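Structure first, then comments.
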Amino acid sequence: MPELPEVETVRLGLNELILGKKIASIEVLSEKSMRSARSDVDAFAVGAVVKDIDRRGKLLILHLDNNYSILVHLRMTGQMVYVDQSTRFGAGHPNDSLIHSLPDSSTRIICTFDDGATLYFNDQRKFGYWMVVPTSQISEDAFVAKLGPEPLLPEFTASVFSERLNRRKGTNIKAAILDQTVLAGVGNIYADEALFSAKIHPSTLVANVAEEQREELHEAIVDVMNLSIQHGGSSDKNYVNAEGKRGSYLTFAQVFRREGQACVVCGDTIQKIRVAGRGTHICPTCQQLSIKRRTQK
DNA sequence: CACTTGACCTGTCCGC
DNA sequence: TGCGGACAGGTCAAGT
């Protein structure tokens, strides 16, 4: 499930692979994966050159040279995989590599460039999307306009984080940090990892998270995301980078998908519970419930 | 208004 | 082996 570190890894990869390339065609295999009209895709994306690649939270933004941009959201199972002659047939790619079998049954959009290279948008569950929009209107997009601050920018300070949390005083801390309007980019993996690192139980009511704990959580979110980017993100099931390769962060994860294992800090057994409607991983000893918590069903 | 739950999808896994 | 159902989770719409 691509969260900020995975999307950032894809962005870094695409920056090395498709900048300056001219889009020759865009084939839409699944209508709901392309939110723009066919006529807009043809008029404003086909024929344009990829100028720059940006990211806002979990949203990938391909800036074209004609003042239009392609917004790409990977949601849960989206992949952006680049293939050209050298990667398809060249050295360094094992025979079982994903790129040798593309397109496959999950391919939803095929973008070809005028040099013969191809960018595949795969999305098993069809939750993700591409959208062609005028660059000047991105900030007015309903989703973009509501996004909270970027956690990896210097202006995202502990006090900004604390203020943002106060928008959701009545809910639990996990639901609050998953809320993209509070801050942009945290998903289920990094929510669990950051809360463990900060020793906060995910069911704790936001109003009951002390200022010092908020500072610890702020630091944990930033640290866990930076560490993940260094390791190419997390590949639970579907995620791969722009070269079709998996990320290795989950080998460093301390609680996510580690239920039944011993906590690296105290040795207690990691549990999987349900918080904010999500599978949630905690160490019951390290993450004690402080005072009252948000009641859960 | 604030918050929670269900829907959207499809592949996988589990129990019978 | 086959089948039904639960499950995975980012976001939005609907419900409380």
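All residue names refer to the structure tokens as shown: chains lettered A, B, ... in order, residues numbered from 1 in each chain, ligands numbered from 1 in order.
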
- Query: chain A residues within 9 Å of chain B, counting only C-alpha atoms (C1' of nucleotides): which ones, as a list of chain:residue names?
  - Reply: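 On the chain A side, the interface is A:Gln124, A:Arg125, A:Lys126, A:Phe127, A:Arg168, A:Gly170, A:Thr171, A:Ala276, A:Gly277.
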
Closest-contact table, chain C side, partner chain A, 12 Å, counting only C-alpha atoms (C1' of nucleotides), as CSV:
```
residue,atom,partner,partner_atom,distance
C:DC7,C1',A:Gly279,CA,9.7
C:DA8,C1',A:Gly279,CA,8.8
C:DG9,C1',A:Met76,CA,6.4
C:DG10,C1',A:Arg75,CA,5.3
C:DT11,C1',A:Arg75,CA,8.2
C:DC12,C1',A:Phe143,CA,10.0
```

Expected file contents, prior selection, N, CA and C atoms (P, O5', C5', C4', C3', O3' and C1' of nucleotides), as a PDB file, in the first residue's frame:
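File produced: result_19.pdb:
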```pdb
ATOM      1  P    DC C   7     -12.627 -10.514   9.164  1.00  0.00           P
ATOM      2  O5'  DC C   7     -11.421 -10.122   8.201  1.00  0.00           O
ATOM      3  C5'  DC C   7     -10.398 -11.087   7.941  1.00  0.00           C
ATOM      4  C4'  DC C   7      -9.448 -10.537   6.909  1.00  0.00           C
ATOM      5  C3'  DC C   7      -9.209  -9.027   7.027  1.00  0.00           C
ATOM      6  O3'  DC C   7      -7.839  -8.809   7.282  1.00  0.00           O
ATOM      7  C1'  DC C   7      -9.580  -9.694   4.766  1.00  0.00           C
ATOM      8  P    DA C   8      -7.341  -7.445   7.965  1.00  0.00           P
ATOM      9  O5'  DA C   8      -6.593  -6.704   6.773  1.00  0.00           O
ATOM     10  C5'  DA C   8      -5.430  -7.292   6.188  1.00  0.00           C
ATOM     11  C4'  DA C   8      -5.176  -6.654   4.851  1.00  0.00           C
ATOM     12  C3'  DA C   8      -5.419  -5.147   4.850  1.00  0.00           C
ATOM     13  O3'  DA C   8      -4.221  -4.461   5.221  1.00  0.00           O
ATOM     14  C1'  DA C   8      -6.281  -6.221   2.858  1.00  0.00           C
ATOM     15  P    DG C   9      -4.294  -3.339   6.293  1.00  0.00           P
ATOM     16  O5'  DG C   9      -4.555  -2.046   5.409  1.00  0.00           O
ATOM     17  C5'  DG C   9      -3.635  -1.708   4.375  1.00  0.00           C
ATOM     18  C4'  DG C   9      -4.260  -0.652   3.495  1.00  0.00           C
ATOM     19  C3'  DG C   9      -4.752   0.584   4.263  1.00  0.00           C
ATOM     20  O3'  DG C   9      -4.639   1.714   3.418  1.00  0.00           O
ATOM     21  C1'  DG C   9      -6.546  -0.405   3.164  1.00  0.00           C
ATOM     22  P    DG C  10      -3.703   2.924   3.832  1.00  0.00           P
ATOM     23  O5'  DG C  10      -4.193   4.007   2.778  1.00  0.00           O
ATOM     24  C5'  DG C  10      -3.756   3.920   1.426  1.00  0.00           C
ATOM     25  C4'  DG C  10      -4.531   4.915   0.589  1.00  0.00           C
ATOM     26  C3'  DG C  10      -4.880   6.215   1.287  1.00  0.00           C
ATOM     27  O3'  DG C  10      -4.867   7.251   0.300  1.00  0.00           O
ATOM     28  C1'  DG C  10      -6.879   5.006   0.810  1.00  0.00           C
ATOM     29  P    DT C  11      -5.168   8.778   0.727  1.00  0.00           P
ATOM     30  O5'  DT C  11      -6.720   8.950   0.448  1.00  0.00           O
ATOM     31  C5'  DT C  11      -7.189   8.879  -0.899  1.00  0.00           C
ATOM     32  C4'  DT C  11      -8.689   8.774  -0.929  1.00  0.00           C
ATOM     33  C3'  DT C  11      -9.452   9.937  -0.295  1.00  0.00           C
ATOM     34  O3'  DT C  11     -10.085  10.626  -1.355  1.00  0.00           O
ATOM     35  C1'  DT C  11     -10.462   7.825   0.149  1.00  0.00           C
ATOM     36  P    DC C  12     -10.863  12.000  -1.103  1.00  0.00           P
ATOM     37  O5'  DC C  12     -12.395  11.558  -1.271  1.00  0.00           O
ATOM     38  C5'  DC C  12     -12.776  10.801  -2.406  1.00  0.00           C
ATOM     39  C4'  DC C  12     -14.177  10.271  -2.196  1.00  0.00           C
ATOM     40  C3'  DC C  12     -15.174  11.312  -1.667  1.00  0.00           C
ATOM     41  O3'  DC C  12     -16.376  11.172  -2.396  1.00  0.00           O
ATOM     42  C1'  DC C  12     -15.166   9.410  -0.264  1.00  0.00           C
TER      43       DC C  12
END
```

- Task: Using DSSP on the backbone coordinates, identify all residues within segment 27-216 of chain A classified as helix (DSSP H, G or I); present the result as an MDAnalysis selection string.
- Result: chainID A and resid 31:33 38:44 85:89 98:101 135:140 142:146 158:168 173:178 188:197 206:208 211:216

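We find atom CA of Ala24 of chain A and atom CA of Ser97 of chain A to be spaced 25.6 Å apart.
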
- As a check of understanding: the span from atom CA of Ala43 of chain A to atom CA of Val133 of chain A is 11.2 Å
